[in-house]
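File shown: data_23.pdb (PDB, C-alpha atoms).
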ATOM      1  CA  MET A  19      10.191  42.694 -43.655  1.00  0.00           C
ATOM      2  CA  ARG A  20       8.218  41.366 -40.709  1.00  0.00           C
ATOM      3  CA  ILE A  21       4.936  43.279 -40.732  1.00  0.00           C
ATOM      4  CA  VAL A  22       2.122  43.359 -38.184  1.00  0.00           C
ATOM      5  CA  VAL A  23      -1.176  44.573 -39.650  1.00  0.00           C
ATOM      6  CA  LYS A  24      -4.064  45.431 -37.360  1.00  0.00           C
ATOM      7  CA  VAL A  25      -7.497  45.711 -38.920  1.00  0.00           C
ATOM      8  CA  GLY A  26     -10.408  47.261 -37.063  1.00  0.00           C
ATOM      9  CA  THR A  27     -14.042  46.242 -36.845  1.00  0.00           C
ATOM     10  CA  SER A  28     -15.127  49.210 -38.950  1.00  0.00           C
ATOM     11  CA  THR A  29     -12.956  47.911 -41.806  1.00  0.00           C
ATOM     12  CA  LEU A  30     -14.083  44.285 -41.525  1.00  0.00           C
ATOM     13  CA  ALA A  31     -17.807  44.706 -41.006  1.00  0.00           C
ATOM     14  CA  HIS A  32     -20.785  46.629 -42.299  1.00  0.00           C
ATOM     15  CA  GLY A  33     -22.642  48.926 -39.919  1.00  0.00           C
ATOM     16  CA  THR A  34     -24.939  45.989 -39.206  1.00  0.00           C
ATOM     17  CA  GLY A  35     -22.015  44.131 -37.648  1.00  0.00           C
ATOM     18  CA  LEU A  36     -22.136  41.472 -40.353  1.00  0.00           C
ATOM     19  CA  ILE A  37     -18.954  40.790 -42.287  1.00  0.00           C
ATOM     20  CA  ASN A  38     -18.071  42.962 -45.284  1.00  0.00           C
ATOM     21  CA  ILE A  39     -17.251  40.077 -47.607  1.00  0.00           C
ATOM     22  CA  ARG A  40     -15.789  42.111 -50.470  1.00  0.00           C
ATOM     23  CA  GLN A  41     -13.545  44.121 -48.150  1.00  0.00           C
ATOM     24  CA  VAL A  42     -12.206  41.106 -46.258  1.00  0.00           C
ATOM     25  CA  GLU A  43     -11.536  39.237 -49.499  1.00  0.00           C
ATOM     26  CA  HIS A  44      -9.547  42.218 -50.787  1.00  0.00           C
ATOM     27  CA  LEU A  45      -7.535  42.451 -47.577  1.00  0.00           C
ATOM     28  CA  CYS A  46      -6.659  38.748 -47.647  1.00  0.00           C
ATOM     29  CA  LYS A  47      -5.568  39.000 -51.276  1.00  0.00           C
ATOM     30  CA  VAL A  48      -3.178  41.881 -50.541  1.00  0.00           C
ATOM     31  CA  LEU A  49      -1.734  40.227 -47.426  1.00  0.00           C
ATOM     32  CA  SER A  50      -1.238  36.999 -49.376  1.00  0.00           C
ATOM     33  CA  ASP A  51       0.600  38.904 -52.101  1.00  0.00           C
ATOM     34  CA  LEU A  52       2.867  40.555 -49.529  1.00  0.00           C
ATOM     35  CA  LYS A  53       3.714  37.086 -48.218  1.00  0.00           C
ATOM     36  CA  ASN A  54       4.365  35.901 -51.767  1.00  0.00           C
ATOM     37  CA  ALA A  55       6.812  38.797 -52.130  1.00  0.00           C
ATOM     38  CA  GLY A  56       8.814  37.408 -49.209  1.00  0.00           C
ATOM     39  CA  HIS A  57       7.479  39.424 -46.284  1.00  0.00           C
ATOM     40  CA  GLN A  58       6.389  37.821 -43.023  1.00  0.00           C
ATOM     41  CA  VAL A  59       2.875  38.930 -42.053  1.00  0.00           C
ATOM     42  CA  ILE A  60       1.045  38.818 -38.724  1.00  0.00           C
ATOM     43  CA  LEU A  61      -2.604  39.894 -38.692  1.00  0.00           C
ATOM     44  CA  VAL A  62      -4.186  41.321 -35.545  1.00  0.00           C
ATOM     45  CA  SER A  63      -7.881  41.237 -36.266  1.00  0.00           C
ATOM     46  CA  SER A  64     -10.728  42.907 -34.460  1.00  0.00           C
ATOM     47  CA  GLY A  65     -14.266  41.972 -35.350  1.00  0.00           C
ATOM     48  CA  ALA A  66     -15.188  38.985 -33.182  1.00  0.00           C
ATOM     49  CA  ILE A  67     -17.511  40.863 -30.822  1.00  0.00           C
ATOM     50  CA  GLY A  68     -18.930  43.043 -33.596  1.00  0.00           C
ATOM     51  CA  MET A  69     -19.559  40.075 -35.894  1.00  0.00           C
ATOM     52  CA  GLY A  70     -20.995  38.041 -33.054  1.00  0.00           C
ATOM     53  CA  ALA A  71     -23.345  40.883 -32.179  1.00  0.00           C
ATOM     54  CA  GLY A  72     -24.526  41.046 -35.787  1.00  0.00           C
ATOM     55  CA  LYS A  73     -24.961  37.299 -36.025  1.00  0.00           C
ATOM     56  CA  LEU A  74     -26.959  37.306 -32.781  1.00  0.00           C
ATOM     57  CA  GLY A  75     -29.192  40.073 -34.119  1.00  0.00           C
ATOM     58  CA  LEU A  76     -27.993  42.722 -31.657  1.00  0.00           C
ATOM     59  CA  THR A  77     -28.215  46.331 -32.811  1.00  0.00           C
ATOM     60  CA  GLU A  78     -25.083  47.459 -30.978  1.00  0.00           C
ATOM     61  CA  ARG A  79     -21.987  46.117 -29.261  1.00  0.00           C
ATOM     62  CA  PRO A  80     -22.845  44.564 -25.862  1.00  0.00           C
ATOM     63  CA  ARG A  81     -21.786  46.668 -22.880  1.00  0.00           C
ATOM     64  CA  ASP A  82     -21.783  44.015 -20.145  1.00  0.00           C
ATOM     65  CA  VAL A  83     -18.932  41.529 -19.735  1.00  0.00           C
ATOM     66  CA  ALA A  84     -21.091  38.423 -20.221  1.00  0.00           C
ATOM     67  CA  GLY A  85     -22.652  39.891 -23.361  1.00  0.00           C
ATOM     68  CA  LYS A  86     -19.222  40.686 -24.823  1.00  0.00           C
ATOM     69  CA  GLN A  87     -17.996  37.192 -24.010  1.00  0.00           C
ATOM     70  CA  ALA A  88     -21.014  35.579 -25.670  1.00  0.00           C
ATOM     71  CA  ALA A  89     -20.712  37.749 -28.794  1.00  0.00           C
ATOM     72  CA  ALA A  90     -16.976  37.041 -29.007  1.00  0.00           C
ATOM     73  CA  ALA A  91     -17.535  33.277 -28.757  1.00  0.00           C
ATOM     74  CA  VAL A  92     -20.003  33.398 -31.647  1.00  0.00           C
ATOM     75  CA  GLY A  93     -18.095  35.913 -33.759  1.00  0.00           C
ATOM     76  CA  GLN A  94     -14.661  34.339 -33.426  1.00  0.00           C
ATOM     77  CA  CYS A  95     -15.901  31.192 -35.154  1.00  0.00           C
ATOM     78  CA  GLU A  96     -17.124  33.123 -38.175  1.00  0.00           C
ATOM     79  CA  LEU A  97     -14.045  35.335 -38.264  1.00  0.00           C
ATOM     80  CA  MET A  98     -11.538  32.474 -38.336  1.00  0.00           C
ATOM     81  CA  TYR A  99     -13.627  30.382 -40.729  1.00  0.00           C
ATOM     82  CA  THR A 100     -13.613  33.333 -43.115  1.00  0.00           C
ATOM     83  CA  TYR A 101      -9.854  33.916 -42.863  1.00  0.00           C
ATOM     84  CA  ASP A 102      -9.063  30.220 -43.239  1.00  0.00           C
ATOM     85  CA  ARG A 103     -11.200  29.949 -46.369  1.00  0.00           C
ATOM     86  CA  LEU A 104      -9.935  33.153 -48.008  1.00  0.00           C
ATOM     87  CA  PHE A 105      -6.215  32.695 -47.328  1.00  0.00           C
ATOM     88  CA  LEU A 106      -6.404  29.076 -48.456  1.00  0.00           C
ATOM     89  CA  LYS A 107      -7.421  30.361 -51.901  1.00  0.00           C
ATOM     90  CA  TYR A 108      -3.880  31.778 -52.150  1.00  0.00           C
ATOM     91  CA  SER A 109      -2.228  28.693 -50.572  1.00  0.00           C
ATOM     92  CA  HIS A 110      -1.510  30.322 -47.223  1.00  0.00           C
ATOM     93  CA  VAL A 111      -2.149  28.595 -43.901  1.00  0.00           C
ATOM     94  CA  VAL A 112      -3.519  30.614 -40.991  1.00  0.00           C
ATOM     95  CA  ALA A 113      -2.979  30.018 -37.284  1.00  0.00           C
ATOM     96  CA  GLN A 114      -5.202  31.392 -34.544  1.00  0.00           C
ATOM     97  CA  LEU A 115      -3.768  32.915 -31.361  1.00  0.00           C
ATOM     98  CA  LEU A 116      -6.118  34.279 -28.684  1.00  0.00           C
ATOM     99  CA  LEU A 117      -4.200  36.277 -26.092  1.00  0.00           C
ATOM    100  CA  THR A 118      -4.649  38.084 -22.781  1.00  0.00           C
ATOM    101  CA  ALA A 119      -2.477  40.655 -21.005  1.00  0.00           C
ATOM    102  CA  ASP A 120      -0.700  37.904 -19.046  1.00  0.00           C
ATOM    103  CA  ASP A 121       0.791  36.582 -22.272  1.00  0.00           C
ATOM    104  CA  PHE A 122       2.869  39.785 -22.460  1.00  0.00           C
ATOM    105  CA  THR A 123       3.502  40.588 -18.793  1.00  0.00           C
ATOM    106  CA  HIS A 124       4.297  37.126 -17.368  1.00  0.00           C
ATOM    107  CA  PRO A 125       7.896  36.199 -18.327  1.00  0.00           C
ATOM    108  CA  ASP A 126       7.251  32.495 -18.979  1.00  0.00           C
ATOM    109  CA  ARG A 127       4.071  33.116 -20.963  1.00  0.00           C
ATOM    110  CA  ARG A 128       5.722  35.841 -23.031  1.00  0.00           C
ATOM    111  CA  ALA A 129       8.620  33.508 -23.822  1.00  0.00           C
ATOM    112  CA  ASN A 130       6.136  30.830 -24.911  1.00  0.00           C
ATOM    113  CA  LEU A 131       4.286  33.366 -27.073  1.00  0.00           C
ATOM    114  CA  GLU A 132       7.472  34.517 -28.769  1.00  0.00           C
ATOM    115  CA  GLN A 133       8.553  30.927 -29.376  1.00  0.00           C
ATOM    116  CA  ALA A 134       5.183  30.076 -30.935  1.00  0.00           C
ATOM    117  CA  LEU A 135       5.188  33.196 -33.141  1.00  0.00           C
ATOM    118  CA  PHE A 136       8.710  32.633 -34.432  1.00  0.00           C
ATOM    119  CA  ARG A 137       8.042  28.972 -35.204  1.00  0.00           C
ATOM    120  CA  LEU A 138       4.790  29.794 -37.031  1.00  0.00           C
ATOM    121  CA  LEU A 139       6.600  32.384 -39.141  1.00  0.00           C
ATOM    122  CA  GLU A 140       9.399  29.904 -39.780  1.00  0.00           C
ATOM    123  CA  LEU A 141       6.759  27.458 -41.040  1.00  0.00           C
ATOM    124  CA  ARG A 142       5.379  30.206 -43.332  1.00  0.00           C
ATOM    125  CA  ALA A 143       2.034  30.294 -41.523  1.00  0.00           C
ATOM    126  CA  LEU A 144       0.098  33.528 -41.133  1.00  0.00           C
ATOM    127  CA  PRO A 145      -0.755  34.131 -37.449  1.00  0.00           C
ATOM    128  CA  VAL A 146      -4.166  35.719 -36.885  1.00  0.00           C
ATOM    129  CA  ILE A 147      -4.313  37.247 -33.412  1.00  0.00           C
ATOM    130  CA  ASN A 148      -7.139  38.624 -31.309  1.00  0.00           C
ATOM    131  CA  GLU A 149      -7.692  39.193 -27.630  1.00  0.00           C
ATOM    132  CA  ASN A 150      -9.334  36.232 -25.896  1.00  0.00           C
ATOM    133  CA  ASP A 151     -12.511  38.211 -25.216  1.00  0.00           C
ATOM    134  CA  THR A 152     -14.460  35.099 -24.238  1.00  0.00           C
ATOM    135  CA  VAL A 153     -12.431  34.599 -21.058  1.00  0.00           C
ATOM    136  CA  ALA A 154     -10.637  37.918 -20.531  1.00  0.00           C
ATOM    137  CA  THR A 155     -11.766  39.902 -17.495  1.00  0.00           C
ATOM    138  CA  GLU A 156     -10.860  43.477 -16.667  1.00  0.00           C
ATOM    139  CA  GLU A 157      -7.752  42.260 -14.832  1.00  0.00           C
ATOM    140  CA  LEU A 158      -6.603  40.122 -17.771  1.00  0.00           C
ATOM    141  CA  SER A 159      -7.691  42.355 -20.632  1.00  0.00           C
ATOM    142  CA  VAL A 160      -5.386  44.365 -22.866  1.00  0.00           C
ATOM    143  CA  GLY A 161      -8.496  46.401 -23.645  1.00  0.00           C
ATOM    144  CA  ASP A 162      -8.219  47.190 -27.349  1.00  0.00           C
ATOM    145  CA  ASN A 163      -6.561  45.743 -30.430  1.00  0.00           C
ATOM    146  CA  ASP A 164      -4.529  48.865 -31.218  1.00  0.00           C
ATOM    147  CA  THR A 165      -2.581  48.318 -28.001  1.00  0.00           C
ATOM    148  CA  LEU A 166      -2.602  44.554 -28.519  1.00  0.00           C
ATOM    149  CA  SER A 167      -1.072  44.919 -31.971  1.00  0.00           C
ATOM    150  CA  ALA A 168       1.757  47.065 -30.571  1.00  0.00           C
ATOM    151  CA  TYR A 169       2.508  44.442 -27.922  1.00  0.00           C
ATOM    152  CA  VAL A 170       2.470  41.759 -30.618  1.00  0.00           C
ATOM    153  CA  ALA A 171       4.800  43.790 -32.841  1.00  0.00           C
ATOM    154  CA  ALA A 172       7.260  44.189 -29.963  1.00  0.00           C
ATOM    155  CA  ALA A 173       7.090  40.481 -29.061  1.00  0.00           C
ATOM    156  CA  ALA A 174       7.573  39.499 -32.719  1.00  0.00           C
ATOM    157  CA  ARG A 175      10.422  42.001 -33.183  1.00  0.00           C
ATOM    158  CA  ALA A 176       8.591  43.351 -36.208  1.00  0.00           C
ATOM    159  CA  ASP A 177       9.951  45.921 -38.629  1.00  0.00           C
ATOM    160  CA  LEU A 178       6.632  47.686 -39.161  1.00  0.00           C
ATOM    161  CA  LEU A 179       3.205  47.989 -37.519  1.00  0.00           C
ATOM    162  CA  VAL A 180       0.254  49.164 -39.618  1.00  0.00           C
ATOM    163  CA  LEU A 181      -3.086  50.111 -38.065  1.00  0.00           C
ATOM    164  CA  LEU A 182      -5.858  50.003 -40.673  1.00  0.00           C
ATOM    165  CA  SER A 183      -8.936  51.896 -39.517  1.00  0.00           C
ATOM    166  CA  ASP A 184     -11.722  54.135 -40.831  1.00  0.00           C
ATOM    167  CA  ILE A 185      -9.525  57.250 -40.654  1.00  0.00           C
ATOM    168  CA  ASP A 186      -6.724  58.450 -42.935  1.00  0.00           C
ATOM    169  CA  GLY A 187      -4.298  59.168 -40.089  1.00  0.00           C
ATOM    170  CA  LEU A 188      -3.634  61.789 -37.418  1.00  0.00           C
ATOM    171  CA  TYR A 189      -4.978  65.265 -38.177  1.00  0.00           C
ATOM    172  CA  THR A 190      -4.150  68.626 -36.635  1.00  0.00           C
ATOM    173  CA  ALA A 191      -7.824  68.780 -35.562  1.00  0.00           C
ATOM    174  CA  ASP A 192     -10.979  66.688 -35.895  1.00  0.00           C
ATOM    175  CA  PRO A 193     -11.628  66.656 -39.678  1.00  0.00           C
ATOM    176  CA  HIS A 194     -15.339  65.984 -39.060  1.00  0.00           C
ATOM    177  CA  VAL A 195     -15.596  69.299 -37.218  1.00  0.00           C
ATOM    178  CA  ASP A 196     -12.804  71.502 -38.567  1.00  0.00           C
ATOM    179  CA  PRO A 197     -12.647  71.860 -42.385  1.00  0.00           C
ATOM    180  CA  ASN A 198      -9.108  73.256 -42.039  1.00  0.00           C
ATOM    181  CA  ALA A 199      -7.775  70.129 -40.338  1.00  0.00           C
ATOM    182  CA  GLU A 200      -4.631  68.827 -42.034  1.00  0.00           C
ATOM    183  CA  LEU A 201      -3.303  65.287 -42.164  1.00  0.00           C
ATOM    184  CA  ILE A 202       0.091  64.899 -40.497  1.00  0.00           C
ATOM    185  CA  HIS A 203       2.186  62.527 -42.617  1.00  0.00           C
ATOM    186  CA  THR A 204       5.227  62.048 -40.368  1.00  0.00           C
ATOM    187  CA  ILE A 205       5.634  62.115 -36.595  1.00  0.00           C
ATOM    188  CA  PRO A 206       9.377  62.135 -35.744  1.00  0.00           C
ATOM    189  CA  ALA A 207       8.653  61.964 -31.988  1.00  0.00           C
ATOM    190  CA  LEU A 208       5.614  61.645 -29.744  1.00  0.00           C
ATOM    191  CA  THR A 209       5.528  64.988 -27.959  1.00  0.00           C
ATOM    192  CA  ASP A 210       2.946  66.107 -25.390  1.00  0.00           C
ATOM    193  CA  GLU A 211       1.391  68.248 -28.136  1.00  0.00           C
ATOM    194  CA  ILE A 212       0.911  65.207 -30.371  1.00  0.00           C
ATOM    195  CA  LEU A 213      -0.508  63.098 -27.542  1.00  0.00           C
ATOM    196  CA  ALA A 214      -3.010  65.876 -26.769  1.00  0.00           C
ATOM    197  CA  MET A 215      -4.536  65.455 -30.246  1.00  0.00           C
ATOM    198  CA  ALA A 216      -6.250  62.196 -29.257  1.00  0.00           C
ATOM    199  CA  GLY A 217     -10.034  62.302 -29.504  1.00  0.00           C
ATOM    200  CA  GLY A 218     -12.819  60.013 -28.284  1.00  0.00           C
ATOM    201  CA  SER A 219     -13.728  56.400 -28.993  1.00  0.00           C
ATOM    202  CA  GLY A 220     -14.225  54.840 -32.389  1.00  0.00           C
ATOM    203  CA  SER A 221     -17.278  53.299 -34.057  1.00  0.00           C
ATOM    204  CA  ALA A 222     -20.287  51.803 -32.274  1.00  0.00           C
ATOM    205  CA  LEU A 223     -19.064  48.275 -33.027  1.00  0.00           C
ATOM    206  CA  GLY A 224     -15.414  48.892 -32.131  1.00  0.00           C
ATOM    207  CA  THR A 225     -13.447  49.969 -29.065  1.00  0.00           C
ATOM    208  CA  GLY A 226     -10.644  52.110 -30.414  1.00  0.00           C
ATOM    209  CA  GLY A 227     -10.071  55.779 -31.134  1.00  0.00           C
ATOM    210  CA  MET A 228      -7.065  58.019 -31.661  1.00  0.00           C
ATOM    211  CA  ALA A 229      -6.057  57.734 -28.000  1.00  0.00           C
ATOM    212  CA  THR A 230      -5.481  53.984 -28.295  1.00  0.00           C
ATOM    213  CA  LYS A 231      -3.611  54.461 -31.568  1.00  0.00           C
ATOM    214  CA  LEU A 232      -1.235  56.964 -30.012  1.00  0.00           C
ATOM    215  CA  ARG A 233      -0.739  54.581 -27.092  1.00  0.00           C
ATOM    216  CA  ALA A 234       0.144  51.886 -29.642  1.00  0.00           C
ATOM    217  CA  ALA A 235       2.569  54.311 -31.311  1.00  0.00           C
ATOM    218  CA  GLN A 236       4.327  54.862 -27.990  1.00  0.00           C
ATOM    219  CA  ILE A 237       4.780  51.125 -27.443  1.00  0.00           C
ATOM    220  CA  ALA A 238       5.905  50.425 -31.012  1.00  0.00           C
ATOM    221  CA  THR A 239       8.313  53.316 -31.480  1.00  0.00           C
ATOM    222  CA  GLN A 240       9.927  52.693 -28.080  1.00  0.00           C
ATOM    223  CA  ALA A 241      10.485  49.092 -29.236  1.00  0.00           C
ATOM    224  CA  GLY A 242      12.258  50.351 -32.361  1.00  0.00           C
ATOM    225  CA  ILE A 243       9.338  49.811 -34.753  1.00  0.00           C
ATOM    226  CA  ASP A 244       7.839  52.303 -37.214  1.00  0.00           C
ATOM    227  CA  MET A 245       4.041  52.526 -37.037  1.00  0.00           C
ATOM    228  CA  VAL A 246       1.581  53.755 -39.660  1.00  0.00           C
ATOM    229  CA  ILE A 247      -2.070  54.723 -39.242  1.00  0.00           C
ATOM    230  CA  ALA A 248      -3.933  54.448 -42.551  1.00  0.00           C
ATOM    231  CA  ASN A 249      -7.430  54.051 -43.922  1.00  0.00           C
ATOM    232  CA  GLY A 250      -8.390  50.408 -44.373  1.00  0.00           C
ATOM    233  CA  ALA A 251     -10.964  51.143 -47.078  1.00  0.00           C
ATOM    234  CA  ARG A 252      -8.280  50.474 -49.716  1.00  0.00           C
ATOM    235  CA  PRO A 253      -6.110  47.541 -48.550  1.00  0.00           C
ATOM    236  CA  GLU A 254      -3.873  47.914 -51.622  1.00  0.00           C
ATOM    237  CA  THR A 255      -2.302  50.974 -49.938  1.00  0.00           C
ATOM    238  CA  LEU A 256      -0.355  48.427 -47.892  1.00  0.00           C
ATOM    239  CA  TYR A 257       1.961  48.025 -50.890  1.00  0.00           C
ATOM    240  CA  ASP A 258       2.879  51.722 -50.746  1.00  0.00           C
ATOM    241  CA  ILE A 259       3.192  51.684 -46.945  1.00  0.00           C
ATOM    242  CA  VAL A 260       5.631  48.767 -47.043  1.00  0.00           C
ATOM    243  CA  GLU A 261       7.663  50.635 -49.673  1.00  0.00           C
ATOM    244  CA  GLY A 262       7.867  53.639 -47.341  1.00  0.00           C
ATOM    245  CA  LYS A 263       5.675  55.954 -49.386  1.00  0.00           C
ATOM    246  CA  GLU A 264       3.751  58.830 -47.800  1.00  0.00           C
ATOM    247  CA  ILE A 265       0.486  57.149 -46.863  1.00  0.00           C
ATOM    248  CA  GLY A 266      -1.470  58.014 -43.722  1.00  0.00           C
ATOM    249  CA  THR A 267       0.600  59.002 -40.683  1.00  0.00           C
ATOM    250  CA  ARG A 268       3.947  57.359 -40.001  1.00  0.00           C
ATOM    251  CA  PHE A 269       5.392  57.417 -36.494  1.00  0.00           C
ATOM    252  CA  LEU A 270       9.164  57.002 -36.645  1.00  0.00           C
ATOM    253  CA  LYS A 271      10.872  54.543 -34.329  1.00  0.00           C
ATOM    254  CA  GLU A 272      13.116  55.775 -31.545  1.00  0.00           C
ATOM    255  CA  GLU A 273      16.782  55.372 -32.381  1.00  0.00           C
TER     256      GLU A 273
END
Could you rewrite the structure in this file as structure tokens?
Amino acid sequence: MRIVVKVGTSTLAHGTGLINIRQVEHLCKVLSDLKNAGHQVILVSSGAIGMGAGKLGLTERPRDVAGKQAAAAVGQCELMYTYDRLFLKYSHVVAQLLLTADDFTHPDRRANLEQALFRLLELRALPVINENDTVATEELSVGDNDTLSAYVAAAARADLLVLLSDIDGLYTADPHVDPNAELIHTIPALTDEILAMAGGSGSALGTGGMATKLRAAQIATQAGIDMVIANGARPETLYDIVEGKEIGTRFLKEE
């Protein structure tokens, strides 16, 4: 299988914004094992701005464009250094791709992106993708890595997209407010009722929320790709997700 895994800031970092070393090591071990089993893996990783903010001693994610760009420039270095070091332990080579919206909407740039992705996978490298937050402006920005990961999955012609976050999946109501909220395991189609379940934004260090995840599900399923939302606290659940077991919420591709 060709699998795109998106990991959010809340999974990669402590509340301080500094990297959660044990968690990232665990994630890299599982992804390396999936590659060893013969799967092709693409990682879409959040965390650059959050990690940069922590490294710069900021108490929260910057709100202004220049502040986000500065934090991303600092955090991206630490993020890629960490991935390179951890994946190398399992003899896997990583490749960094920093993208903007133009890389998906401009025909020539999208063709170049697809060519680069396919060659990297052919060479058994593990692409690590993030938005180019250091240079992206509002006009160039995809906006969040949930949406970015869906665009990447479509460009890579992936078989599966997995969004790892700090939630177990899509619930019938907000589980933090309603004790009777139930986890929905399978979404055969994205109806207006399902889309109306989206809540607010995610953690203080991240940008996502259920709305961006449902937007990603629309993009992925329309491209013929199953998508799963699952909790990233236990990266080993990726084994069960790849095997098709009932983990988190699975959005079925359009036939």
Evaluating the PyMOL selection byres ((chain A and resi 132) around 12) on the displayed file yields which residues, as a list in words?
-> Leu115, Asp121, Phe122, Pro125, Asp126, Arg127, Arg128, Ala129, Asn130, Leu131, Gln133, Ala134, Leu135, Phe136, Arg137, Leu138, Leu139, Pro145, Tyr169, Val170, Ala171, Ala172, Ala173, Ala174, Arg175 and Ala176 of chain A
Result set of the PyMOL selection byres ((chain A and resi 105-110) around 7) on the coordinates above, as a short mmCIF file (atom, residue, chain, number, x, y, z; two decimals) with C-alpha atoms, in the coordinates of the input:
data_model
loop_
_atom_site.label_atom_id
_atom_site.label_comp_id
_atom_site.auth_asym_id
_atom_site.auth_seq_id
_atom_site.Cartn_x
_atom_site.Cartn_y
_atom_site.Cartn_z
CA CYS A 46 -6.66 38.75 -47.65
CA SER A 50 -1.24 37.00 -49.38
CA TYR A 101 -9.85 33.92 -42.86
CA ASP A 102 -9.06 30.22 -43.24
CA ARG A 103 -11.20 29.95 -46.37
CA LEU A 104 -9.94 33.15 -48.01
CA VAL A 111 -2.15 28.60 -43.90
CA VAL A 112 -3.52 30.61 -40.99
CA ALA A 143 2.03 30.29 -41.52
#
Pull out every residue that the PyMOL selection byres ((chain A and resi 72-78) around 6) matches in the shown coordinates and put them as a list in words.
->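 After applying the PyMOL selection byres ((chain A and resi 72-78) around 6), what remains is Gly35, Leu36, Met69, Gly70, Ala71 and Arg79 of chain A.
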Would you mind reading off the distance between atom CA of Glu272 of chain A and atom CA of His203 of chain A, one decimal, in Å?
->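 Rounded to one decimal, the two atoms are 17.0 Å apart.
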Who sits within 9 Å of Ser64 of chain A, all atoms listed in the file, same chain under 6 positions skipped, as a PyMOL selection string | chain A and resi 24-28+30+147-149+162-163+224
Write the residues of the selection above to a file with C-alpha atoms, as a compact mmCIF listing (two decimals), in the coordinates of the input.
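Output file again-v3.txt follows:
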# COMPACT_ATOMS: atom_id res chain seq x y z
CA LYS A 24 -4.06 45.43 -37.36
CA VAL A 25 -7.50 45.71 -38.92
CA GLY A 26 -10.41 47.26 -37.06
CA THR A 27 -14.04 46.24 -36.84
CA SER A 28 -15.13 49.21 -38.95
CA LEU A 30 -14.08 44.28 -41.52
CA ILE A 147 -4.31 37.25 -33.41
CA ASN A 148 -7.14 38.62 -31.31
CA GLU A 149 -7.69 39.19 -27.63
CA ASP A 162 -8.22 47.19 -27.35
CA ASN A 163 -6.56 45.74 -30.43
CA GLY A 224 -15.41 48.89 -32.13
Could you check how far atom CA of Lys263 of chain A sits from atom CA of Asn38 of chain A, in Å to one decimal?
->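 Spanning atom CA of Lys263 of chain A to atom CA of Asn38 of chain A is a straight-line distance of 27.4 Å.
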Grab the atom CA of Arg233 of chain A to atom CA of Arg252 of chain A distance for me, in Å with one decimal place.
->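 For atom CA of Arg233 of chain A relative to atom CA of Arg252 of chain A, the distance reads 24.2 Å.
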Taking (1.8, 37.8, -46.3) in the file's own coordinates, collect the residues within 9 Å, counting all atoms listed in the file, and hand them back as a ChimeraX atom specification.
-> /A:21,46-60,110,142-144
Selected residues written out with C-alpha atoms, as a compact mmCIF listing (two decimals), in the frame of the given file:
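For reference, selection22.txt as written:
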# COMPACT_ATOMS: atom_id res chain seq x y z
CA ILE A 21 4.94 43.28 -40.73
CA CYS A 46 -6.66 38.75 -47.65
CA LYS A 47 -5.57 39.00 -51.28
CA VAL A 48 -3.18 41.88 -50.54
CA LEU A 49 -1.73 40.23 -47.43
CA SER A 50 -1.24 37.00 -49.38
CA ASP A 51 0.60 38.90 -52.10
CA LEU A 52 2.87 40.56 -49.53
CA LYS A 53 3.71 37.09 -48.22
CA ASN A 54 4.36 35.90 -51.77
CA ALA A 55 6.81 38.80 -52.13
CA GLY A 56 8.81 37.41 -49.21
CA HIS A 57 7.48 39.42 -46.28
CA GLN A 58 6.39 37.82 -43.02
CA VAL A 59 2.88 38.93 -42.05
CA ILE A 60 1.04 38.82 -38.72
CA HIS A 110 -1.51 30.32 -47.22
CA ARG A 142 5.38 30.21 -43.33
CA ALA A 143 2.03 30.29 -41.52
CA LEU A 144 0.10 33.53 -41.13
Residue with smallest distance to Asp177 of chain A - pool A:Val23, A:Val160, A:Ala216, A:Ile67, counting only C-alpha atoms |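 Of A:Val23, A:Val160, A:Ala216, A:Ile67, the one nearest Asp177 of chain A is A:Val23, counting only C-alpha atoms.
Take the candidates A:Leu256, A:Val153, A:Ile247, A:Val62 and check each one against Gln114 of chain A using all atoms listed in the file; the shortest distance goes to A:Val62.
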Excluding Ile265 of chain A and residues on its chain fewer than 5 positions from it, collect all residues at most 10 Å away from it, counting all atoms listed in the file, and give them as an mmCIF file with C-alpha atoms, in the coordinates of the input.
data_model
loop_
_atom_site.group_PDB
_atom_site.id
_atom_site.type_symbol
_atom_site.label_atom_id
_atom_site.label_comp_id
_atom_site.auth_asym_id
_atom_site.auth_seq_id
_atom_site.Cartn_x
_atom_site.Cartn_y
_atom_site.Cartn_z
ATOM 1 C CA ASP A 186 -6.724 58.450 -42.935
ATOM 2 C CA GLY A 187 -4.298 59.168 -40.089
ATOM 3 C CA HIS A 203 2.186 62.527 -42.617
ATOM 4 C CA THR A 204 5.227 62.048 -40.368
ATOM 5 C CA VAL A 246 1.581 53.755 -39.660
ATOM 6 C CA ILE A 247 -2.070 54.723 -39.242
ATOM 7 C CA ALA A 248 -3.933 54.448 -42.551
ATOM 8 C CA ASN A 249 -7.430 54.051 -43.922
ATOM 9 C CA THR A 255 -2.302 50.974 -49.938
ATOM 10 C CA LEU A 256 -0.355 48.427 -47.892
ATOM 11 C CA ASP A 258 2.879 51.722 -50.746
ATOM 12 C CA ILE A 259 3.192 51.684 -46.945
ATOM 13 C CA VAL A 260 5.631 48.767 -47.043
#
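Nearest to Ala90 of chain A of all the residues A:Asn150, A:Thr190, A:Ser167, A:Thr29 is A:Asn150, counting all atoms listed in the file.
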Shortest contact to Ile237 of chain A, candidates A:Asp120, A:Glu140, A:Asp164, A:Glu96, atoms counted only C-alpha atoms, goes to A:Asp164
Determine the nearest neighbour of Glu264 of chain A from the options A:Leu201, A:His124, A:Ala84, A:Gly242, counting all atoms listed in the file.
-> A:Leu201
Please list as a short mmCIF file (atom, residue, chain, number, x, y, z; two decimals) with C-alpha atoms, in the frame of the given file every residue within 7 Å of Ala199 of chain A, counting only C-alpha atoms and excluding residues in the same chain fewer than 5 positions away.
data_model
loop_
_atom_site.label_atom_id
_atom_site.label_comp_id
_atom_site.auth_asym_id
_atom_site.auth_seq_id
_atom_site.Cartn_x
_atom_site.Cartn_y
_atom_site.Cartn_z
CA TYR A 189 -4.98 65.26 -38.18
CA THR A 190 -4.15 68.63 -36.64
CA ALA A 191 -7.82 68.78 -35.56
CA ASP A 192 -10.98 66.69 -35.90
CA PRO A 193 -11.63 66.66 -39.68
#
